[in-house]
Each structure stands twice: as structure tokens, then as C-alpha cells.
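The structure under discussion appears below in the form of C-alpha cells.
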Amino acid sequence: MTMIQPISAASDRVMGALIAGLELEFGRGAAEALADRFIAAEECDFCWDARVEERWLGAYSADVEDDFELDRIAILGRLDGRWLVAVVIVDGDEMAHGMMGKRAFRSRKAARIAYDRLR
């Protein structure tokens with residue numbers, strides 16, 4: 001039997017597991033602060049994995065000549081209970097290379113309005 005769930009549900013579960021593991025190792029008081037540091041260090045990847053919608057915006061032209069092409073992808077996602085909208089720079093293998101203009105929102109409706117405005 002295959003279980004399908006939205007990426008955002010998985011990201012919230014990952015956050016819970018991350019915090020629980022950090023609580024065991026470092027105690028309750030330090031766990032959330034350490035989890036925030038983990039997310040900040042890998043923010044682009046966490047946001048990319050937490051997307052629930054994406055839309056291709058166009059090619060990304062870097063200043064440096066690379067052997068591969070990059071694309072600009074608008075994402076709408078949910079991470080740790082908060083909605084987010086951002087533009088992520090992604091390669092052809094869907095690996096995130098960078099992120100621009102990330103904004104957080106309290107509601108899906110506000111995030112949806114911002115997502116729809118991205119061009």
C-alpha cells in the first residue's frame with residue numbers, strides 16, 4: 001500500500017523529528033534554537049522541499065559561465081507551520097542552488113496572493 005501525502009506534511013513531521021532529536025541530545029530549551037540554526041544553514045533546501053506549488057518563471061542567467069542551465073522557479077510552501085513564497089534557482093535535476101526574495105506569511109491566502117504576483 002502506497003501512502004501519498006503533501007510535501008508540507010512531511011516537512012512539518014521532519015521539523016518535529018529534528019526538534020525531538022535535539023531535545024534528547026541538548027535538552028528542551030536548546031532544541032528549538034538549534035533547529036532554527038539547522039534551518040538557517042540549509043534554508044534554501046528546506047524551503048524547496050517544503051513547496052506545495054511551483055511555477056517556472058524563466059531561465060536564470062548567472063554572471064559566471066556554467067556547464068549547466070539554471071531556472072527560476074516560484075514556490076509556495078509551508079515550513080514549520082508558516083507559509084512561504086520565494087524564487088528558487090534550480091538546475092535540471094531539480095537541485096536547489098539558491099533562493100531570492102523569501103517571504104513568510106501567517107495565512108495561505110496571503111501567501112497565495114504574493115505567489116500569484118511573482119513573475
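Each chain of the C-alpha cells is named A, B, ... in the order shown, its residues numbered from 1; ligands are numbered from 1 in display order.
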Original post:
DSSP on the backbone: what in chain A comes out strand (DSSP E), as a PyMOL selection string?
Top reply: chain A and resi 51-60+70-79+82-91+96-105
**OP:** Step one, run DSSP on the backbone; step two, keep only residues of chain A assigned to helix (DSSP H, G or I); then write them as a count of residues only.
**Re:** 51
**OP:** Fewer than 4 positions away in the same chain doesn't count, so skip those; otherwise give me all residues within 10 Å of Asp116 in chain A, counting only C-alpha atoms, as a ChimeraX atom specification.
**Re:** /A:55,74,76,85,111-112
Give me a file of those residues, with all heavy atoms, as a PDB file, in the first residue's frame.
ATOM      1  N   ARG A  55       6.092  27.150  -9.963  1.00  0.00           N
ATOM      2  CA  ARG A  55       5.810  27.685 -11.290  1.00  0.00           C
ATOM      3  C   ARG A  55       7.114  28.176 -11.904  1.00  0.00           C
ATOM      4  O   ARG A  55       7.861  28.919 -11.268  1.00  0.00           O
ATOM      5  CB  ARG A  55       4.790  28.826 -11.198  1.00  0.00           C
ATOM      6  CG  ARG A  55       4.369  29.362 -12.548  1.00  0.00           C
ATOM      7  CD  ARG A  55       3.285  30.434 -12.437  1.00  0.00           C
ATOM      8  NE  ARG A  55       3.811  31.671 -11.902  1.00  0.00           N
ATOM      9  CZ  ARG A  55       3.488  32.210 -10.731  1.00  0.00           C
ATOM     10  NH1 ARG A  55       2.628  31.626  -9.935  1.00  0.00           N
ATOM     11  NH2 ARG A  55       4.022  33.338 -10.327  1.00  0.00           N
ATOM     12  N   ALA A  74       9.206  29.878  -9.017  1.00  0.00           N
ATOM     13  CA  ALA A  74       8.442  30.449  -7.899  1.00  0.00           C
ATOM     14  C   ALA A  74       7.872  29.296  -7.095  1.00  0.00           C
ATOM     15  O   ALA A  74       7.371  28.317  -7.664  1.00  0.00           O
ATOM     16  CB  ALA A  74       7.311  31.324  -8.428  1.00  0.00           C
ATOM     17  N   LEU A  76       5.461  28.163  -3.565  1.00  0.00           N
ATOM     18  CA  LEU A  76       4.547  28.416  -2.456  1.00  0.00           C
ATOM     19  C   LEU A  76       4.687  27.193  -1.573  1.00  0.00           C
ATOM     20  O   LEU A  76       4.580  26.061  -2.056  1.00  0.00           O
ATOM     21  CB  LEU A  76       3.110  28.550  -2.964  1.00  0.00           C
ATOM     22  CG  LEU A  76       1.994  28.561  -1.928  1.00  0.00           C
ATOM     23  CD1 LEU A  76       2.064  29.815  -1.077  1.00  0.00           C
ATOM     24  CD2 LEU A  76       0.644  28.441  -2.597  1.00  0.00           C
ATOM     25  N   VAL A  85       6.741  32.111   0.426  1.00  0.00           N
ATOM     26  CA  VAL A  85       6.809  32.320  -1.017  1.00  0.00           C
ATOM     27  C   VAL A  85       8.232  32.754  -1.313  1.00  0.00           C
ATOM     28  O   VAL A  85       8.807  33.554  -0.579  1.00  0.00           O
ATOM     29  CB  VAL A  85       5.813  33.405  -1.478  1.00  0.00           C
ATOM     30  CG1 VAL A  85       6.014  33.759  -2.937  1.00  0.00           C
ATOM     31  CG2 VAL A  85       4.386  32.957  -1.225  1.00  0.00           C
ATOM     32  N   ALA A 111      -0.184  34.227   1.390  1.00  0.00           N
ATOM     33  CA  ALA A 111       0.925  33.648   0.621  1.00  0.00           C
ATOM     34  C   ALA A 111       0.511  33.437  -0.829  1.00  0.00           C
ATOM     35  O   ALA A 111       1.287  33.702  -1.748  1.00  0.00           O
ATOM     36  CB  ALA A 111       1.370  32.331   1.253  1.00  0.00           C
ATOM     37  N   ARG A 112      -0.711  32.999  -1.051  1.00  0.00           N
ATOM     38  CA  ARG A 112      -1.212  32.760  -2.413  1.00  0.00           C
ATOM     39  C   ARG A 112      -1.230  34.057  -3.219  1.00  0.00           C
ATOM     40  O   ARG A 112      -0.856  34.075  -4.390  1.00  0.00           O
ATOM     41  CB  ARG A 112      -2.613  32.158  -2.332  1.00  0.00           C
ATOM     42  CG  ARG A 112      -3.422  32.213  -3.605  1.00  0.00           C
ATOM     43  CD  ARG A 112      -2.778  31.566  -4.774  1.00  0.00           C
ATOM     44  NE  ARG A 112      -2.827  30.131  -4.646  1.00  0.00           N
ATOM     45  CZ  ARG A 112      -2.231  29.318  -5.495  1.00  0.00           C
ATOM     46  NH1 ARG A 112      -1.550  29.785  -6.509  1.00  0.00           N
ATOM     47  NH2 ARG A 112      -2.284  28.031  -5.337  1.00  0.00           N
TER      48      ARG A 112
END
Original post:
CA of Ala20 in chain A and CA of Cys44 in chain A, how far apart in Å?
Top reply: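 It comes out at 22.3 Å.
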**OP:** Quick one: everything within 7 Å of Ile19 in chain A, counting only C-alpha atoms, minus sequence neighbours fewer than 4 positions away in the same chain. Send it as a list in words.
**Re:**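 Residues near the query, excluding close chain neighbours: Met15, Glu23, Ala31, Glu32 and Ala35 of chain A.
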Original post:
Taking into account only C-alpha atoms, which residue in the set A:Ile39, A:Phe26, A:Arg72, A:Gly21 is nearest to His97 in chain A?
Top reply: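 Nearest candidate to His97 in chain A out of A:Ile39, A:Phe26, A:Arg72, A:Gly21: A:Arg72.
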Original post:
With distances taken over only C-alpha atoms, which of A:Lys109, A:Lys102, A:Ala17, A:Asp91 is nearest to Asp67 in chain A?
Top reply: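 Among the listed residues, A:Asp91 lies closest to Asp67 in chain A.
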**OP:** Rank A:Ile89, A:Ala59, A:Leu18, A:Leu118 by their smallest atom-to-atom distance to Asp45 in chain A, using only C-alpha atoms, and report the top residue only.
**Re:**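 Answer, going by the shortest atom-to-atom distance: A:Ile89.
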**OP:** Considering only C-alpha atoms, return as a ChimeraX atom specification whatever protein or nucleic-acid residues lie within 9 Å of Met100 in chain A, sequence-local ones (same chain, fewer than 3 positions apart) excluded.
**Re:** /A:86-89
Subject >> A:Glu53, A:Glu25, A:Glu42, A:Asp36 ranked by distance to Arg78 in chain A, top pick (using only C-alpha atoms) >> reply: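 So, comparing all the options, the nearest one is A:Glu53.
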